[in-house]
Every structure is written in C-alpha cells, then in structure tokens.
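A short worksheet on the structure shown next.
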Amino acid sequence: MSGDESSDDSAPLTYHVNGDLVPADEATVSVRDRGFMYGDGAFETLRVYGGDPFEWAAHRDRLQRTAETLGFGEAVPEDLRERVDETLAANGLSEAYCKVSVTRGVQPGKLTPDPDVDPTVVVYVSPLGRGGVEGSPVWDGPATVQTVRTRRPPTESLPADAKTHNYLPGVLARLELRRAATDAFAADEAVMRTTDDALAEGATSNLFFVDGGTLKTPGDDLPILPGVTRAVAIDLAESEGFSVRTGSYTLDDLRDADEVFLTNSTWEIRPVTSVDGIDVSVGPMTRLLSRLFDERVERDHYGGADTDARDGDATDGA
C-alpha cells in the first residue's frame with residue numbers, strides 16, 4: 001500500500017487522544033480503560049479520499065448507534081469530525097486509513113459499569129494510496145476465501161449491528177485461516193456462517209454473490225454487521241436496474257455462484273476468484289460495480305467528471 005504523495009511513509013505519525021494531538025510513540029491509554037479490559041468500546045474504520053472521509057455521516061451514525069447500544073451514547077463527541085480533520089492535517093495526509101474509537105473510559109475493574117462516563121476518544125490514521133478512477137486498490141489481487149468453523153454469534157448474544165471492540169469471532173476466524181495455510185496456499189478471507197449454517201459474512205467484510213444475473217447478499221435479519229460499503233454497493237446495483245436480493249443463503253449457494261465479491265472500507269469492492277478451492281470468474285457485474293464505485297469516489301472526492309461506466313465494456317478492468 002502506498003502512502004499519500006505529499007507525506008513521508010517513514011515519518012512518525014501523530015494521533016488524536018482525548019482531545020490532544022499526540023506523537024504515535026506517546027499515544028497510549030490506561031490499562032484500566034474498559035475498552036482494553038472488556039472490549040467495552042465502539043469504533044469505525046473509514047477510508048479518506050482527497051482529505052474527506054468516505055460516507056462520513058453513515059459511519060458517524062453507526063458509531064453513535066453502537067455507543068447507544070453499549071449505554072454511553074452521550075460519549076461520542078460532537079467535534080469528532082474536527083478531530084479527524086486535525087489528525088489528517090497534522091500528518092499531512094489526504095489519502096488515508098482512519099479509525100475512530102470511543103470507549104467507556106477508565107473505571108474501576110469491575111464488570112458492571114459506573115453510570116458516569118469519562119470516555120476515551122482516539123483517532124488513528126495511516127497513509128494509503130489515491131482512490132477513484134486514477135487510483136489503485138489496496139489489495140494485490142482478487143481474493144481467495146475459505147469457510148471456517150468459527151460461527152457468528154446470535155444477535156441475542158452479541159448485537160451484530162454494533163461495531164464494538166469485541167472482535168473475537170473475526171480474530172478466531174482469521175486464526176483458522178492461518179492454521180490451514182500451507183506454503184502453496186493461504187486464503188485471504190474467512191467466510192463465517194451462523195449457528196444455523198446460513199451464510200453470514202467475512203471476518204472483516206460483507207459477502208456478495210451473483211446467481212443468474214441477480215445480486216445476492218445475506219440479509220440484515222441475520223447476525224451480520226451491515227457495512228457502509230455494502231450499502232453503497234447495493235445502491236449502485238439498484239441504480240443500474242440490477243435485481244438485488246437479501247436473504248438467507250447456504251454455503252452451496254456461494255460455491256455455485258457465477259461471481260463473488262467482498263466489500264469493506266479499505267478493500268472497497270474486491271472480487272473473489274476462489275471459494276473453498278473452487279474457481280470463480282470475475283464477471284461483468286463485479287467489474288461494473290467496481291468501476292461505478294471508483295467513479296463515485298472520483299466525482300465526490302476529487303471533483304472528477306461524472307462519467308458513464310456503461311459507455312465502455314463492463315468486462316474491461318475492475
């Protein structure tokens with residue numbers, strides 16, 4: 001991954017911690033912070049294009065909803081966007097990965113939280129390359145995915161639509177991939193299912209597949225985190241008149257699909273070429289949606305012309 005052209009990738013970074021800009025090697029939080037002790041915190045990962053966070057309002061709203069689910073909705077600072085902008089400016093970055101985190105803060109080491117909240121708020125950034133039509137994806141190539149035994153917990157156990165510091169299912173899924181890796185093959189992403197064997201999501205991504213010209217993705221009623229980039233992909237598909245269905249699907253549905261791709265903030269739309277060792281083609285819908293996504297980023301963040309992807313062959317380039 002390349003950094004912003006105006007920045008030096010080797011230069012020390014600066015983060016935003018509790019209202020102050022702090023050098024990376026001094027940016028620490030207390031060992032008594034509940035985000036560290038119990039995973040009692042909310043976070044969002046964003047992509048910054050041309051100095052502006054992509055889909056900021058959607059990310060900010062989800063952060064707020066997660067904090068409210070955890071019972072500290074008032075802890076999300078009103079000036080959070082200003083803190084993000086200050087952090088980007090301090091590092092001379094206009095193209096970046098950005099993570100914002102809000103925890104319940106430092107409290108006594110007991111499970112029941114105190115009603116009074118003094119939150120810990122952190123903004124972390126790192127350089128990425130340019131996005132849009134003139135940019136390049138952060139990934140080196142299409143993804144290979146592999147099913148794992150780790151399951152997504154039921155929403156009754158862990159609210160799936162809350163993006164919390166408790167990411168253990170994803171961590172365990174990725175550890176499964178590591179254990180299964182060989183010198184000849186290592187999958188890029190883990191595919192998790194529900195406890196009822198329905199397709200859920202990747203460890204850090206949402207799943208899409210194309211079946212007979214219809215774009216399908218696991219529905220919001222399943223224990224998945226409905227991603228911001230997932231919503232953009234659905235919107236782009238519907239704007240092109242594609243049939244989009246959300247529902248409950250099986251692993252066989254994914255393995256038999258005509259096309260498969262993943263979405264998240266940093267990968268954007270990443271095509272998949274292998275599911276559990278079964279080859280999958282990078283087809284026309286995946287290529288078109290990738291192209292439309294790049295054009296949207298170009299238009300909204302770089303002031304580019306509103307080009308029409310349908311003027312070209314949707315199978316040319318991703």
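Residues are referred to by chain and number: the chain letter is A, B, ... according to the order shown in the structure tokens, the number counts from 1 in that chain, and ligands are numbered separately from 1 in the order shown.
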
### Task
For Asp276 (chain A), work out the shell of residues within 7 Å, counting only C-alpha atoms and skipping chain neighbours fewer than 5 positions away, then give it as a list of chain:residue names.
A:Val145, A:Gln146, A:Thr147

Would you output that residue set with C-alpha atoms, as a short mmCIF file (atom, residue, chain, number, x, y, z; two decimals), in the first residue's frame?
data_model
loop_
_atom_site.label_atom_id
_atom_site.label_comp_id
_atom_site.auth_asym_id
_atom_site.auth_seq_id
_atom_site.Cartn_x
_atom_site.Cartn_y
_atom_site.Cartn_z
CA VAL A 145 -11.91 -17.18 0.55
CA GLN A 146 -12.26 -20.22 2.76
CA THR A 147 -15.04 -21.38 5.06
#

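Counting only C-alpha atoms, the residue from A:Asp221, A:Glu44, A:Asp33, A:Asp256 that sits nearest to Ser101 (chain A) is A:Glu44.
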
### Query
What residues in region 212-253 of chain A get the DSSP label alpha helix (DSSP H)? Please answer as a PyMOL selection string.
chain A and resi 228-239+251-253

Selection export as a short mmCIF file (atom, residue, chain, number, x, y, z; two decimals), in the first residue's frame, atoms kept: N, CA and C atoms:
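Below is the file that was written, again_11.cif:
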data_model
loop_
_atom_site.label_atom_id
_atom_site.label_comp_id
_atom_site.auth_asym_id
_atom_site.auth_seq_id
_atom_site.Cartn_x
_atom_site.Cartn_y
_atom_site.Cartn_z
N VAL A 228 -21.02 -0.18 5.64
CA VAL A 228 -21.28 1.06 4.91
C VAL A 228 -20.98 0.86 3.42
N THR A 229 -19.87 0.21 3.10
CA THR A 229 -19.55 -0.06 1.69
C THR A 229 -20.55 -1.04 1.09
N ARG A 230 -21.04 -1.97 1.89
CA ARG A 230 -22.09 -2.89 1.44
C ARG A 230 -23.31 -2.10 0.98
N ALA A 231 -23.71 -1.10 1.75
CA ALA A 231 -24.87 -0.30 1.39
C ALA A 231 -24.63 0.46 0.09
N VAL A 232 -23.40 0.95 -0.10
CA VAL A 232 -23.08 1.66 -1.34
C VAL A 232 -23.14 0.71 -2.53
N ALA A 233 -22.62 -0.51 -2.37
CA ALA A 233 -22.66 -1.49 -3.46
C ALA A 233 -24.10 -1.82 -3.85
N ILE A 234 -24.96 -1.98 -2.85
CA ILE A 234 -26.37 -2.26 -3.13
C ILE A 234 -27.01 -1.09 -3.86
N ASP A 235 -26.71 0.12 -3.42
CA ASP A 235 -27.26 1.31 -4.07
C ASP A 235 -26.81 1.42 -5.52
N LEU A 236 -25.53 1.15 -5.77
CA LEU A 236 -25.02 1.21 -7.14
C LEU A 236 -25.69 0.17 -8.02
N ALA A 237 -25.87 -1.05 -7.48
CA ALA A 237 -26.50 -2.11 -8.26
C ALA A 237 -27.94 -1.75 -8.60
N GLU A 238 -28.66 -1.25 -7.61
CA GLU A 238 -30.07 -0.89 -7.84
C GLU A 238 -30.19 0.28 -8.81
N SER A 239 -29.22 1.20 -8.75
CA SER A 239 -29.27 2.35 -9.67
C SER A 239 -29.06 1.91 -11.12
N LEU A 251 -23.95 -22.25 2.11
CA LEU A 251 -22.59 -22.31 1.59
C LEU A 251 -22.58 -22.81 0.15
N ASP A 252 -23.47 -23.76 -0.17
CA ASP A 252 -23.55 -24.24 -1.55
C ASP A 252 -23.95 -23.13 -2.51
N ASP A 253 -24.81 -22.21 -2.05
CA ASP A 253 -25.18 -21.07 -2.90
C ASP A 253 -23.94 -20.27 -3.28
#

### Query
region 114-278 of chain A: which residues are strand (DSSP E) by DSSP, as a VMD selection string?
chain A and resid 120 to 127 143 to 151 189 to 193 199 to 202 206 to 211 214 to 218 243 to 247 259 to 264 268 to 275 278

Requested write-out: C-alpha atoms of the selected residues, as a short mmCIF file (atom, residue, chain, number, x, y, z; two decimals), in the first residue's frame:
data_model
loop_
_atom_site.label_atom_id
_atom_site.label_comp_id
_atom_site.auth_asym_id
_atom_site.auth_seq_id
_atom_site.Cartn_x
_atom_site.Cartn_y
_atom_site.Cartn_z
CA THR A 120 -11.56 7.66 25.84
CA VAL A 121 -11.65 9.00 22.27
CA VAL A 122 -8.90 8.10 19.82
CA VAL A 123 -8.38 8.94 16.14
CA TYR A 124 -5.76 6.81 14.39
CA VAL A 125 -4.62 7.30 10.79
CA SER A 126 -2.16 5.70 8.39
CA PRO A 127 -1.34 6.56 4.76
CA ALA A 143 -9.34 -12.60 -3.02
CA THR A 144 -9.46 -16.27 -2.21
CA VAL A 145 -11.91 -17.18 0.55
CA GLN A 146 -12.26 -20.22 2.76
CA THR A 147 -15.04 -21.38 5.06
CA VAL A 148 -14.15 -21.65 8.76
CA ARG A 149 -15.74 -23.41 11.73
CA THR A 150 -16.00 -20.20 13.74
CA ARG A 151 -19.60 -19.01 13.71
CA GLU A 189 -10.55 -14.01 3.92
CA ALA A 190 -12.57 -16.29 6.16
CA VAL A 191 -16.24 -16.98 5.42
CA MET A 192 -18.32 -17.31 8.59
CA ARG A 193 -21.76 -18.85 8.94
CA LEU A 199 -24.00 -17.64 5.16
CA ALA A 200 -23.09 -14.62 7.30
CA GLU A 201 -20.03 -12.56 6.39
CA GLY A 202 -16.27 -12.45 6.15
CA ASN A 206 -19.51 -8.41 3.71
CA LEU A 207 -20.27 -11.12 1.14
CA PHE A 208 -21.95 -10.72 -2.24
CA PHE A 209 -22.54 -13.23 -5.00
CA VAL A 210 -24.23 -13.25 -8.39
CA ASP A 211 -26.68 -16.02 -9.25
CA THR A 214 -29.30 -11.48 -9.51
CA LEU A 215 -27.03 -9.93 -6.91
CA LYS A 216 -27.45 -11.64 -3.54
CA THR A 217 -26.13 -10.89 -0.06
CA PRO A 218 -27.02 -12.14 3.44
CA SER A 243 -32.08 -7.31 -9.25
CA VAL A 244 -30.77 -7.29 -5.67
CA ARG A 245 -31.97 -9.79 -3.08
CA THR A 246 -31.06 -10.02 0.58
CA GLY A 247 -31.91 -13.21 2.41
CA GLU A 259 -19.48 -14.25 -9.37
CA VAL A 260 -18.43 -13.43 -5.81
CA PHE A 261 -17.03 -10.27 -4.26
CA LEU A 262 -16.31 -8.76 -0.85
CA THR A 263 -16.81 -5.24 0.45
CA ASN A 264 -15.30 -3.21 3.25
CA GLU A 268 -13.85 -1.24 -1.40
CA ILE A 269 -15.20 -3.88 -3.84
CA ARG A 270 -12.80 -6.82 -4.04
CA PRO A 271 -13.51 -9.65 -6.50
CA VAL A 272 -13.16 -13.27 -5.39
CA THR A 273 -11.61 -15.93 -7.62
CA SER A 274 -11.74 -18.97 -5.32
CA VAL A 275 -14.25 -20.25 -2.74
CA ILE A 278 -13.50 -23.80 -6.29
#

### Task
Counting only C-alpha atoms, figure out which residue out of A:Ala160, A:Leu288, A:Leu175, A:Val138 gets nearest to Leu222 (chain A).
A:Ala160

Report as a compact mmCIF listing (two decimals) with C-alpha atoms, in the first residue's frame all protein, DNA and RNA residues lying within 6 Å of Gly41 (chain A), evaluated on only C-alpha atoms, omitting residues in the same chain fewer than 2 positions from it.
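Output file out27.txt follows:
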# COMPACT_ATOMS: atom_id res chain seq x y z
CA GLY A 35 -12.14 -0.82 26.04
CA GLY A 39 -13.95 -4.66 24.84
CA VAL A 102 -14.79 5.70 21.68
CA THR A 103 -14.71 3.62 24.88
CA THR A 164 -17.56 -2.92 19.16
CA HIS A 165 -14.03 -3.60 20.34

### Residue neighbourhood Leu80 (chain A), 10 Å, only C-alpha atoms, exclusion window fewer than 2 positions, as an NGL selection string
:A and (19 or 60 or 76-78 or 82-86 or 100 or 121-123)

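Closest to Thr204 (chain A) among A:Ser157, A:Thr250, A:Thr45, A:Thr66 is A:Thr45, based on only C-alpha atoms.
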
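Of note, CA of Ala203 (chain A) and CA of Ala173 (chain A) are spaced 6.3 Å apart.
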
#### Entry: Selected residue of minimal separation from Gly131 (chain A) among A:Thr286, A:Thr182, A:Ser205, A:Ser94, counting only C-alpha atoms
A:Ser94

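Residues lying within 7 Å of region 63-65 of chain A, counting only C-alpha atoms and ignoring same-chain neighbours fewer than 4 positions away, are Ala42, Phe43, Glu44, His59, Thr69, Gly73 and Val76 of chain A.
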
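Restricting the calculation to only C-alpha atoms, the smallest distance between Leu88 (chain A) and any of A:Asp20, A:Glu295, A:Glu74, A:Asp52 is found for A:Asp52.
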